[in-house]
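See structure below.
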Amino acid sequence: MNKINVADPGIKGINLRTNDVSEAEIKSCRICGSYKLERALEVQSNPNIYFTRCTDCRITQCSCLPKKAFIENLYNEKQNLLSKTEVNVGDRLGHAASHIAKNLYRQLNNRDRLLNTKVIHVLDFGGGTGQLSIEILKKLRKLLGNIQFELNICDYSKPELKKNIIGIKTKSYRTLSDLPELATFDICIASSILEHVTDPINDLFIIISKINRDGIIYMRTPWIIPLAALLKRIKIKIDTLYPIHLYDMGGDFYEGKVLRKLINRNYKIVMSRTSFINASPSKQFITYILSAILKMPTYIFGIKWPFCGGWEVIFKIL
Ligand SMILES: [Zn+2]
């Protein structure tokens, strides 16, 4: 296969060749099948790859998916590059974990039931070495009392996980389809992962089918393409992270009617807001301030303000 070629955006330094992409230009939405697609942002030329927005389900997706071999190569050989992206939350780990733990705790209504449960089963989809989810569960143990967790991490890298963590038993799997057929979970954490996978709706279907009643799913995804398109008009380029990011999913996608129709289970969105600031105020001061400013209007306009960089939701299965 071709080596990763150095050139223009999405991810700075990666340019795909015709042989690297698996399909011709997109004709219909991969999520809902709609033909109502509108170009949102060019990513590269030769071959021409762009992000396109579905006006029905409101997801934004890349016009060509990279071939499986290209993605594998990217994830295997570019760990240094990946570690610099938001795949991990770096020195914001503690902040991110507190924020997510607090919000999960708020939504765990049946705490009494959970406290009587011997073990709370947690699924972390795309959680790498479990750094973030282990930290979240440690914080949840403080809030809930010394409850026992079983943490199941599904990550392409099938990492060696830390053992001997008090109150947290860990297991790892490579893909969602490797999970035991009858396994069900009370909590799912899918932080910054759905934008990376080639078939996010199928993964979401699998996750939702495995969540117990009253169980909750936390999801965080980038919503950066509207901002990138706006800035491009004034000749400012920002990194879209293509081909690591294949999708852009904002509040209008999660809260939209089409997603509700597609999901074959009754659920309620119990939290929907712009995601936490993923920059360190001490080390990335300018980014932190700009990010805070761009997120502010969402507190007034909600999903009508698409220039906030990212979104997070909690679904509760009814
Ligand atoms: Zn669609």
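All residue names refer to the structure tokens as shown: chains lettered A, B, ... in order, residues numbered from 1 in each chain, ligands numbered from 1 in order.
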Please build the interface table for chain A against ligand 1 with a cut-off of 7 Å, listing for each qualifying residue the nearest atom pair and the distance in Å to one decimal; count only C-alpha atoms and all ligand atoms, order rows by chain and increasing number, and write it as CSV.
residue,atom,partner,partner_atom_place_in_ligand_line,distance
A:Cys29,CA,ligand 1,1 (Zn),4.6
A:Arg30,CA,ligand 1,1 (Zn),6.6
A:Ile31,CA,ligand 1,1 (Zn),5.0
A:Cys32,CA,ligand 1,1 (Zn),4.1
A:Gly33,CA,ligand 1,1 (Zn),5.9
A:Ser34,CA,ligand 1,1 (Zn),5.3
A:Cys54,CA,ligand 1,1 (Zn),4.6
A:Thr55,CA,ligand 1,1 (Zn),6.7
A:Asp56,CA,ligand 1,1 (Zn),5.2
A:Cys57,CA,ligand 1,1 (Zn),4.0
A:Arg58,CA,ligand 1,1 (Zn),6.0
A:Ile59,CA,ligand 1,1 (Zn),6.0
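Near stretch 114-126 of chain A, within 8 Å and counting only C-alpha atoms, sit Ser133, Leu144, Ile147, Gln148, Phe149, Glu150, Leu151, Asn152, Ile153, Cys154, Asp155, Tyr156, Leu176, Thr184, Phe185, Asp186, Ile187, Cys188, Ile189, Ala190, Ser191, Ser192 and Ile193 of chain A, not including residues fewer than 5 positions from it in the same chain.
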Query raised in the report: So how far away is atom CA of A:Gln131 from atom CA of A:Leu179, in Å?
Result: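 Going from atom CA of A:Leu179 over to atom CA of A:Gln131 covers 20.1 Å.
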Query raised in the report: Per DSSP on the backbone, what are the strand (DSSP E or B) residues of stretch 107-267 of chain A, as a PyMOL selection string?
Result: chain A and resi 119-125+148-154+165+168-173+185-191+211-223+247-248+267
Please produce a file of the residues just selected, as a short mmCIF file (atom, residue, chain, number, x, y, z; two decimals), in the first residue's frame, where the atoms kept are N, CA and C atoms.
data_model
loop_
_atom_site.label_atom_id
_atom_site.label_comp_id
_atom_site.auth_asym_id
_atom_site.auth_seq_id
_atom_site.Cartn_x
_atom_site.Cartn_y
_atom_site.Cartn_z
N VAL A 119 -22.50 -5.29 40.62
CA VAL A 119 -21.47 -4.70 39.75
C VAL A 119 -22.16 -3.82 38.72
N ILE A 120 -21.63 -2.62 38.48
CA ILE A 120 -22.14 -1.77 37.39
C ILE A 120 -21.28 -2.03 36.16
N HIS A 121 -21.95 -2.42 35.09
CA HIS A 121 -21.21 -2.76 33.87
C HIS A 121 -21.08 -1.53 32.98
N VAL A 122 -19.86 -1.25 32.61
CA VAL A 122 -19.58 -0.04 31.81
C VAL A 122 -18.90 -0.44 30.51
N LEU A 123 -19.33 0.18 29.43
CA LEU A 123 -18.68 -0.02 28.13
C LEU A 123 -18.00 1.27 27.74
N ASP A 124 -16.72 1.21 27.41
CA ASP A 124 -16.04 2.39 26.87
C ASP A 124 -15.68 2.07 25.43
N PHE A 125 -16.38 2.73 24.51
CA PHE A 125 -16.13 2.49 23.09
C PHE A 125 -15.04 3.45 22.62
N GLN A 148 -18.84 -1.37 42.88
CA GLN A 148 -17.91 -2.14 42.02
C GLN A 148 -18.26 -1.90 40.55
N PHE A 149 -17.25 -1.70 39.76
CA PHE A 149 -17.45 -1.52 38.32
C PHE A 149 -16.75 -2.63 37.54
N GLU A 150 -17.38 -2.99 36.42
CA GLU A 150 -16.66 -3.80 35.43
C GLU A 150 -16.54 -2.94 34.19
N LEU A 151 -15.32 -2.61 33.83
CA LEU A 151 -15.09 -1.72 32.69
C LEU A 151 -14.67 -2.54 31.47
N ASN A 152 -15.47 -2.47 30.42
CA ASN A 152 -15.19 -3.19 29.17
C ASN A 152 -14.76 -2.18 28.13
N ILE A 153 -13.51 -2.26 27.72
CA ILE A 153 -13.04 -1.29 26.72
C ILE A 153 -12.98 -1.94 25.35
N CYS A 154 -13.62 -1.29 24.41
CA CYS A 154 -13.58 -1.74 23.01
C CYS A 154 -12.72 -0.76 22.26
N ILE A 165 -7.04 -2.27 39.97
CA ILE A 165 -7.54 -0.95 40.36
C ILE A 165 -8.66 -1.22 41.36
N ILE A 168 -12.50 -1.60 40.38
CA ILE A 168 -12.72 -1.58 38.91
C ILE A 168 -12.03 -2.78 38.27
N LYS A 169 -12.85 -3.67 37.73
CA LYS A 169 -12.31 -4.81 37.00
C LYS A 169 -12.29 -4.42 35.51
N THR A 170 -11.20 -4.73 34.81
CA THR A 170 -11.14 -4.29 33.41
C THR A 170 -11.06 -5.47 32.44
N LYS A 171 -11.71 -5.28 31.29
CA LYS A 171 -11.63 -6.27 30.20
C LYS A 171 -11.46 -5.49 28.90
N SER A 172 -10.77 -6.08 27.92
CA SER A 172 -10.66 -5.33 26.66
C SER A 172 -11.03 -6.17 25.45
N TYR A 173 -11.58 -5.50 24.48
CA TYR A 173 -11.99 -6.13 23.22
C TYR A 173 -11.52 -5.23 22.09
N PHE A 185 -24.97 -3.45 29.40
CA PHE A 185 -24.24 -2.45 30.17
C PHE A 185 -25.20 -1.41 30.76
N ASP A 186 -24.75 -0.79 31.86
CA ASP A 186 -25.53 0.26 32.50
C ASP A 186 -25.10 1.64 32.02
N ILE A 187 -23.83 1.73 31.66
CA ILE A 187 -23.26 3.02 31.23
C ILE A 187 -22.39 2.76 30.00
N CYS A 188 -22.49 3.66 29.02
CA CYS A 188 -21.54 3.61 27.89
C CYS A 188 -20.88 4.98 27.76
N ILE A 189 -19.59 4.96 27.59
CA ILE A 189 -18.84 6.19 27.33
C ILE A 189 -18.28 6.08 25.91
N ALA A 190 -18.68 7.01 25.06
CA ALA A 190 -18.17 7.03 23.67
C ALA A 190 -17.68 8.45 23.41
N SER A 191 -16.53 8.75 23.97
CA SER A 191 -16.01 10.11 23.90
C SER A 191 -15.03 10.24 22.75
N ILE A 211 -27.53 -1.65 25.89
CA ILE A 211 -27.69 -0.85 27.12
C ILE A 211 -28.97 -1.26 27.85
N ASN A 212 -28.84 -1.48 29.15
CA ASN A 212 -30.01 -1.85 29.95
C ASN A 212 -30.99 -0.69 30.04
N ARG A 213 -32.21 -1.02 30.38
CA ARG A 213 -33.23 0.01 30.61
C ARG A 213 -32.74 0.94 31.72
N ASP A 214 -32.95 2.24 31.54
CA ASP A 214 -32.44 3.27 32.47
C ASP A 214 -30.94 3.48 32.35
N GLY A 215 -30.31 2.74 31.44
CA GLY A 215 -28.87 2.91 31.22
C GLY A 215 -28.62 4.20 30.45
N ILE A 216 -27.38 4.70 30.53
CA ILE A 216 -27.07 5.97 29.87
C ILE A 216 -25.85 5.86 28.96
N ILE A 217 -25.89 6.68 27.91
CA ILE A 217 -24.79 6.68 26.93
C ILE A 217 -24.27 8.11 26.82
N TYR A 218 -22.99 8.29 27.09
CA TYR A 218 -22.37 9.60 26.92
C TYR A 218 -21.63 9.61 25.58
N MET A 219 -21.90 10.64 24.77
CA MET A 219 -21.20 10.75 23.48
C MET A 219 -20.66 12.17 23.32
N ARG A 220 -19.46 12.23 22.77
CA ARG A 220 -18.88 13.55 22.48
C ARG A 220 -18.27 13.48 21.08
N THR A 221 -18.62 14.44 20.24
CA THR A 221 -18.10 14.44 18.86
C THR A 221 -17.76 15.87 18.43
N PRO A 222 -16.88 16.01 17.44
CA PRO A 222 -16.59 17.35 16.95
C PRO A 222 -17.75 17.93 16.13
N TRP A 223 -17.90 19.24 16.22
CA TRP A 223 -18.86 19.97 15.35
C TRP A 223 -18.07 21.18 14.86
N TYR A 247 -16.43 12.06 10.12
CA TYR A 247 -17.78 12.63 10.33
C TYR A 247 -17.69 13.82 11.28
N ASP A 248 -18.72 14.65 11.22
CA ASP A 248 -18.86 15.82 12.09
C ASP A 248 -20.30 15.77 12.60
N TYR A 267 -35.75 6.30 23.70
CA TYR A 267 -34.72 6.96 24.51
C TYR A 267 -35.08 8.42 24.72
#
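Here the question is which of A:Leu93, A:Leu140, A:Arg265, A:Thr129 gets nearest to A:Tyr105 using only C-alpha atoms, and that residue is A:Leu140.
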Query raised in the report: At what distance in Å, to one decimal, does atom CA of A:Ile100 lie from atom CA of A:Arg141?
Result: 13.2 Å
Report task. Within 12 Å of A:Ile300, counting only C-alpha atoms, which residues show up once you throw out same-chain ones fewer than 5 positions away? Write them as a list in words, please. Result -> Arg273, Thr274, Lys295 and Trp305 of chain A
Output file for the selection above: N, CA and C atoms, as a tab-separated table (two decimals), in the first residue's frame:
chain	number	residue	atom	x	y	z
A	273	ARG	N	-25.37	19.59	24.97
A	273	ARG	CA	-24.71	20.89	25.15
A	273	ARG	C	-23.37	20.90	24.41
A	274	THR	N	-22.82	22.09	24.28
A	274	THR	CA	-21.49	22.16	23.67
A	274	THR	C	-20.50	21.44	24.60
A	295	LYS	N	-18.01	29.05	22.28
A	295	LYS	CA	-19.01	28.17	22.90
A	295	LYS	C	-20.14	28.98	23.57
A	305	TRP	N	-26.55	27.49	17.05
A	305	TRP	CA	-25.20	28.07	16.91
A	305	TRP	C	-24.22	26.93	16.62
**Report entry** Residue contacts of stretch 225-237 of chain A (9 Å, only C-alpha atoms) excluding same-chain residues fewer than 4 positions away, as a PyMOL selection string
**Finding:** chain A and resi 9+40-42+51+60+248+306-309
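Across A:His95, A:Ala101, A:Ile134, A:Met271, the tightest approach to A:Leu161 is made by A:Ile134 when counting only C-alpha atoms.
Among the candidate residues A:Val270, A:Ser209, A:Leu204, A:Trp311, the one lying nearest to A:Gly251 is A:Trp311, with distances computed using only C-alpha atoms.
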Report task. Would you please extract all helix (DSSP H, G or I) residues from stretch 91-265 of chain A, as assigned by DSSP on the backbone, and give them as a PyMOL selection string? Result -> chain A and resi 91-107+111-116+131-144+176-178+200-209+225-233+251-254+257-262
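Minimum atom-to-atom distance to A:Leu241, evaluated using only C-alpha atoms, belongs to A:Glu195 out of A:Lys36, A:Glu195, A:Pro159, A:Gly130.
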